[in-house]
Amino acid sequence: MNSIDATIAEKGLMSSEMGSERTLYPYVTGTSVIGIKYKDGILMAADMGGSYGSTLRYKSVERLKPIGKHSLIGASGEISDFQEILRYLDELILYDNMWDDGNSLGPKEVHNYLTRVMYNRRNKFNPLWNSLVLGGVKNGQKYLGTVSMIGVHFEDNHIATGFGNHLARPILRKEWHENLSFEDGVKLLEKCMRVLLYRDRSAVNKLQIAKITEEGVTISQPYSLKTFWGFSAFQNPTKGAEGSW
Amino acid sequence: MDLNLDAPHSMGTTIVGVTYDGGVVLGADSRTSTGMYVANRASDKITQLTDNVYLCRSGSAADSQVVSDYVRYFLHQHTIQSGQPATVKVAANLIRLLSYNNKNMLQTGLIVGGWDKYEGGKIYGVPLGGTILEQPFTIGGSGSSYLYGFFDQTWKEGMSKEEAEKLVVKAVSLAIARDGASGGVVRTVIINSEGVTRNFYPGDTLPLWHEELEPQNSLLDILSSTSPEPMST
C-alpha cells in the first residue's frame, strides 16, 4: 500500500471509526460497589442507579447478581457491558453444568475467567468498561476479589470500586476485622454507603445488600438509607461571612 | 446564522413509552432537523416492527431507520419459523444486539413497546450503548430532559388506557414547548390485546403552556374584535 493510499485509508478509519473497534466512552454507568468478608461468607452492597452522564436516569438497575451456586458478582461502569458479561458467565456456568460431573465452578475460578476476559479485551483496545467485584464461598473457603477494565485484579478482605476506593476503603481499613457478624457487617456496609450517598454525585438513595454463604445467595429487596442534616453548622453557614459557602 | 444543510439528519426528538393496565401507549413528536433547518415537520417516529410491536426512534434518523429495518426483517423471519407472533422481549433483544454490537458507530436511543399473550403490555428502553432495561415507563430523545420531573410527579401504576394516552400527549406537548429540537404534531400508538390504534394530535388540539398564546388567523381579526362595532356576518 503506497503512502497516499495509507493516508486516505487512515482518514477513512479516523472519520468513521469503521476499522478500529473500540469502546471509547461509557454511556449508562453504575457507581461504587463495596464487598467485605464476614463470619459466614461475603457481604456486598451497591446502589441501584444507572447514570447517563450527569443525569440520574435509571433508578432500579440491579448491579448485584448471583453466578452459579457459589458466587456473587457486583459491577460498576457501563451497564450494557455488564449485561454482556452476565451473558458470558451464563454460558460459562451452563457448560460447567453440562459436564454433570459433580464439580462446579467456585468464585476463584469465575474470578480468573473474568480476569482473562477483561485483560484480553484491554489488549485489543476494546475494553469492557467495568470494575467488577467477585465474591463467594466454596467448601468453607471465603473468596473476595476484584477485576478492573484494564485487567488489574487482586483479592482482599474488603473491596471497593469507583468512588468507594476513596471514601469507603479508609473506613473499611479502620473498622473491618475478622469474623464480623452479619449485623455488624451490614452496619459497616451501610456506613460506607451513607458516606457515598453524601459525597458521590452519581449515588442514588436506593440500594441492595447481598449475602453469600455456603448455603447460597440472598439479595435484599431495594431500600433507602436515612441521612443526617442536623449539624448546627449546617443551619446558617454563611452568617457573618456573606457570600461565602 | 448558518443553516448547515449538510449536517446529518438528527431527530432531536421527544419519545415516550408508558404501560397501562392492559397494554402500552407510545408517543413521539414529529420534527426531523438538519442542523438548524427542519427537514421534516411531520415525521412518523413510531415505526412498526410487527403487528404487535412498535419502536420509538430518536437520535440519528439514518441509524434508527436502518436498525429498525434490520429488526423488522429478522422478526419477520422469526415469526415464520416459530409460527406465532414475536414477543416484545424478542424484539427488544434484537434491537439490543444491533445497538450493543455496533455501539461505536450508532447514535440512536430507542424505545420498544408492544403487547404479547405471554407478558401483556411491555416497554423496553434501549439507550445509547445498548443497555436493555424493562421499565413501566420510559422517556428518550433530547426533549426528555424536560420530562424527568414531570414523570416523577405524575406517573402512577395501573392507569386506564385513556389516562395513559392523556399523560403521553401532555408530556410530549410539554417537551415540544421547551425543546427546540422537538416540534410539530404529537403522534401516539396504543397497543393492547385488541390491536393497534394510531392517533394524531396537531398543535391546535394541544393545551397552551406558559407564555404561549391562542393562535389567530390575523392581527386584523384581533383589532376588529376589540372595536365597538359588531361584525356583519
# chains A, B, ... in the order shown; residues from 1 in each chain; ligands from 1

$ interface_residues --of "chain B" --to "chain A" --cutoff "7 Å" --atoms "only C-alpha atoms" --output "list in words"
Asn104, Leu128, Gly129, Gly130 and Thr131 of chain B

$ select_by_dssp --residues "range 34-88 of chain B" --states "strand (DSSP E or B)" --output "NGL selection string"
:B and (34 or 37-40 or 46-48 or 53-60)

$ write_last_selection --atoms "C-alpha atoms" --output "compact mmCIF listing (two decimals), in the first residue's frame"
# COMPACT_ATOMS: atom_id res chain seq x y z
CA THR B 34 -30.70 19.01 9.66
CA TYR B 37 -33.35 23.57 9.45
CA VAL B 38 -36.44 21.45 9.99
CA ALA B 39 -36.13 18.88 7.24
CA ASN B 40 -39.44 17.18 8.01
CA ILE B 46 -43.14 5.44 15.82
CA THR B 47 -42.25 2.62 13.47
CA GLN B 48 -43.90 -0.75 13.17
CA VAL B 53 -44.59 -4.47 18.48
CA TYR B 54 -43.68 -0.87 17.66
CA LEU B 55 -40.50 1.18 18.04
CA CYS B 56 -39.95 4.84 19.01
CA ARG B 57 -36.84 6.22 17.33
CA SER B 58 -34.56 9.07 18.46
CA GLY B 59 -31.09 10.36 17.65
CA SER B 60 -29.70 9.87 14.17

$ residues_around --residues "range 143-149 of chain B" --least-positions-apart "6" --cutoff "6 Å" --atoms "only C-alpha atoms" --output "ChimeraX atom specification"
/B:13-14,175,179

$ write_last_selection --atoms "all heavy atoms" --output "JSON list (two decimals), in the first residue's frame"
[["chain", "number", "residue", "atom", "x", "y", "z"],
["B", 13, "THR", "N", -35.85, 15.24, 19.03],
["B", 13, "THR", "CA", -36.95, 14.35, 19.44],
["B", 13, "THR", "C", -37.31, 14.31, 20.90],
["B", 13, "THR", "O", -36.49, 14.49, 21.79],
["B", 13, "THR", "CB", -36.63, 12.87, 19.09],
["B", 13, "THR", "OG1", -36.28, 12.77, 17.74],
["B", 13, "THR", "CG2", -37.81, 11.96, 19.34],
["B", 14, "THR", "N", -38.62, 14.01, 21.06],
["B", 14, "THR", "CA", -39.11, 13.57, 22.36],
["B", 14, "THR", "C", -39.85, 12.28, 22.11],
["B", 14, "THR", "O", -40.77, 12.24, 21.29],
["B", 14, "THR", "CB", -40.11, 14.58, 22.94],
["B", 14, "THR", "OG1", -39.50, 15.86, 22.93],
["B", 14, "THR", "CG2", -40.48, 14.20, 24.35],
["B", 175, "ALA", "N", -42.70, 18.90, 26.34],
["B", 175, "ALA", "CA", -41.32, 18.85, 25.86],
["B", 175, "ALA", "C", -41.17, 19.68, 24.60],
["B", 175, "ALA", "O", -40.18, 20.41, 24.43],
["B", 175, "ALA", "CB", -40.93, 17.41, 25.59],
["B", 179, "ASP", "N", -38.16, 22.27, 24.06],
["B", 179, "ASP", "CA", -37.02, 21.73, 23.33],
["B", 179, "ASP", "C", -37.07, 22.17, 21.87],
["B", 179, "ASP", "O", -38.02, 21.85, 21.16],
["B", 179, "ASP", "CB", -37.03, 20.19, 23.41],
["B", 179, "ASP", "CG", -35.87, 19.57, 22.65],
["B", 179, "ASP", "OD1", -34.81, 20.22, 22.53],
["B", 179, "ASP", "OD2", -36.03, 18.43, 22.18]]

$ residues_around --residues "range 64-81 of chain B" --least-positions-apart "3" --cutoff "12 Å" --atoms "only C-alpha atoms" --output "PyMOL selection string"
chain B and resi 9-11+44-61+84-103+105-112+126-128

$ decode --residues "range 119-152 of chain B" --atoms "N, CA, C and O atoms" --output "compact mmCIF listing (two decimals), in the first residue's frame"
# COMPACT_ATOMS: atom_id res chain seq x y z
N GLU B 119 -46.73 -11.97 28.21
CA GLU B 119 -46.40 -10.98 29.23
C GLU B 119 -47.32 -9.77 29.24
O GLU B 119 -47.19 -8.91 30.09
N GLY B 120 -48.24 -9.68 28.25
CA GLY B 120 -49.09 -8.49 28.18
C GLY B 120 -48.32 -7.31 27.63
O GLY B 120 -47.40 -7.47 26.83
N GLY B 121 -48.69 -6.11 28.08
CA GLY B 121 -48.04 -4.90 27.58
C GLY B 121 -46.68 -4.71 28.23
O GLY B 121 -46.57 -4.80 29.45
N LYS B 122 -45.63 -4.46 27.44
CA LYS B 122 -44.28 -4.26 27.99
C LYS B 122 -43.56 -3.14 27.27
O LYS B 122 -43.72 -2.96 26.06
N ILE B 123 -42.73 -2.41 28.01
CA ILE B 123 -41.89 -1.35 27.42
C ILE B 123 -40.44 -1.66 27.74
O ILE B 123 -40.10 -1.97 28.89
N TYR B 124 -39.57 -1.58 26.73
CA TYR B 124 -38.14 -1.78 26.95
C TYR B 124 -37.39 -0.55 26.44
O TYR B 124 -37.61 -0.10 25.32
N GLY B 125 -36.50 0.00 27.27
CA GLY B 125 -35.67 1.11 26.82
C GLY B 125 -34.33 0.59 26.35
O GLY B 125 -33.73 -0.25 27.03
N VAL B 126 -33.86 1.06 25.19
CA VAL B 126 -32.51 0.70 24.72
C VAL B 126 -31.79 2.00 24.40
O VAL B 126 -31.85 2.50 23.28
N PRO B 127 -31.11 2.60 25.43
CA PRO B 127 -30.44 3.88 25.19
C PRO B 127 -29.12 3.69 24.45
O PRO B 127 -28.78 2.57 24.06
N LEU B 128 -28.37 4.79 24.28
CA LEU B 128 -27.04 4.73 23.65
C LEU B 128 -26.18 3.71 24.39
O LEU B 128 -26.24 3.62 25.61
N GLY B 129 -25.42 2.93 23.67
CA GLY B 129 -24.53 1.95 24.29
C GLY B 129 -25.11 0.54 24.22
O GLY B 129 -24.36 -0.43 24.27
N GLY B 130 -26.45 0.44 24.14
CA GLY B 130 -27.02 -0.90 24.00
C GLY B 130 -27.42 -1.57 25.30
O GLY B 130 -27.55 -2.79 25.37
N THR B 131 -27.61 -0.77 26.37
CA THR B 131 -28.16 -1.34 27.60
C THR B 131 -29.62 -1.67 27.32
O THR B 131 -30.28 -0.94 26.59
N ILE B 132 -30.14 -2.76 27.93
CA ILE B 132 -31.57 -3.01 27.78
C ILE B 132 -32.22 -2.99 29.16
O ILE B 132 -31.71 -3.61 30.08
N LEU B 133 -33.29 -2.22 29.32
CA LEU B 133 -33.94 -2.13 30.63
C LEU B 133 -35.45 -2.16 30.46
O LEU B 133 -36.02 -1.31 29.78
N GLU B 134 -36.08 -3.16 31.11
CA GLU B 134 -37.54 -3.24 31.05
C GLU B 134 -38.09 -2.31 32.11
O GLU B 134 -37.63 -2.34 33.25
N GLN B 135 -39.01 -1.43 31.73
CA GLN B 135 -39.50 -0.42 32.68
C GLN B 135 -40.99 -0.21 32.53
O GLN B 135 -41.53 -0.40 31.45
N PRO B 136 -41.67 0.24 33.60
CA PRO B 136 -43.10 0.53 33.47
C PRO B 136 -43.35 1.74 32.56
O PRO B 136 -44.39 1.85 31.93
N PHE B 137 -42.40 2.67 32.51
CA PHE B 137 -42.48 3.74 31.53
C PHE B 137 -41.06 4.20 31.26
O PHE B 137 -40.16 3.99 32.07
N THR B 138 -40.85 4.85 30.10
CA THR B 138 -39.54 5.40 29.83
C THR B 138 -39.65 6.56 28.86
O THR B 138 -40.62 6.68 28.12
N ILE B 139 -38.63 7.45 28.91
CA ILE B 139 -38.63 8.62 28.03
C ILE B 139 -37.29 8.68 27.33
O ILE B 139 -36.30 8.13 27.82
N GLY B 140 -37.25 9.35 26.16
CA GLY B 140 -35.99 9.41 25.43
C GLY B 140 -35.95 10.60 24.49
O GLY B 140 -36.94 11.31 24.30
N GLY B 141 -34.77 10.82 23.91
CA GLY B 141 -34.60 11.94 22.99
C GLY B 141 -34.20 13.19 23.75
O GLY B 141 -34.26 13.25 24.97
N SER B 142 -33.83 14.22 22.98
CA SER B 142 -33.35 15.46 23.60
C SER B 142 -34.45 16.12 24.45
O SER B 142 -34.17 16.72 25.48
N GLY B 143 -35.69 16.02 24.04
CA GLY B 143 -36.79 16.65 24.77
C GLY B 143 -37.08 15.99 26.10
O GLY B 143 -37.73 16.57 26.97
N SER B 144 -36.58 14.78 26.29
CA SER B 144 -36.89 14.05 27.52
C SER B 144 -36.28 14.71 28.75
O SER B 144 -36.77 14.53 29.86
N SER B 145 -35.21 15.50 28.55
CA SER B 145 -34.60 16.21 29.69
C SER B 145 -35.61 17.00 30.47
O SER B 145 -35.52 17.14 31.69
N TYR B 146 -36.62 17.53 29.74
CA TYR B 146 -37.60 18.40 30.38
C TYR B 146 -38.74 17.61 31.02
O TYR B 146 -39.66 18.20 31.57
N LEU B 147 -38.68 16.30 30.93
CA LEU B 147 -39.81 15.50 31.39
C LEU B 147 -39.53 14.65 32.62
O LEU B 147 -40.42 14.01 33.15
N TYR B 148 -38.28 14.61 33.08
CA TYR B 148 -37.98 13.77 34.23
C TYR B 148 -38.79 14.19 35.44
O TYR B 148 -39.41 13.37 36.11
N GLY B 149 -38.80 15.48 35.72
CA GLY B 149 -39.55 15.98 36.87
C GLY B 149 -41.03 15.75 36.71
O GLY B 149 -41.73 15.34 37.64
N PHE B 150 -41.54 15.97 35.49
CA PHE B 150 -42.97 15.78 35.22
C PHE B 150 -43.40 14.36 35.51
O PHE B 150 -44.40 14.12 36.18
N PHE B 151 -42.62 13.37 35.03
CA PHE B 151 -42.99 11.98 35.26
C PHE B 151 -42.81 11.57 36.70
O PHE B 151 -43.62 10.83 37.25
N ASP B 152 -41.75 12.07 37.34
CA ASP B 152 -41.56 11.77 38.77
C ASP B 152 -42.80 12.14 39.55
O ASP B 152 -43.19 11.45 40.49
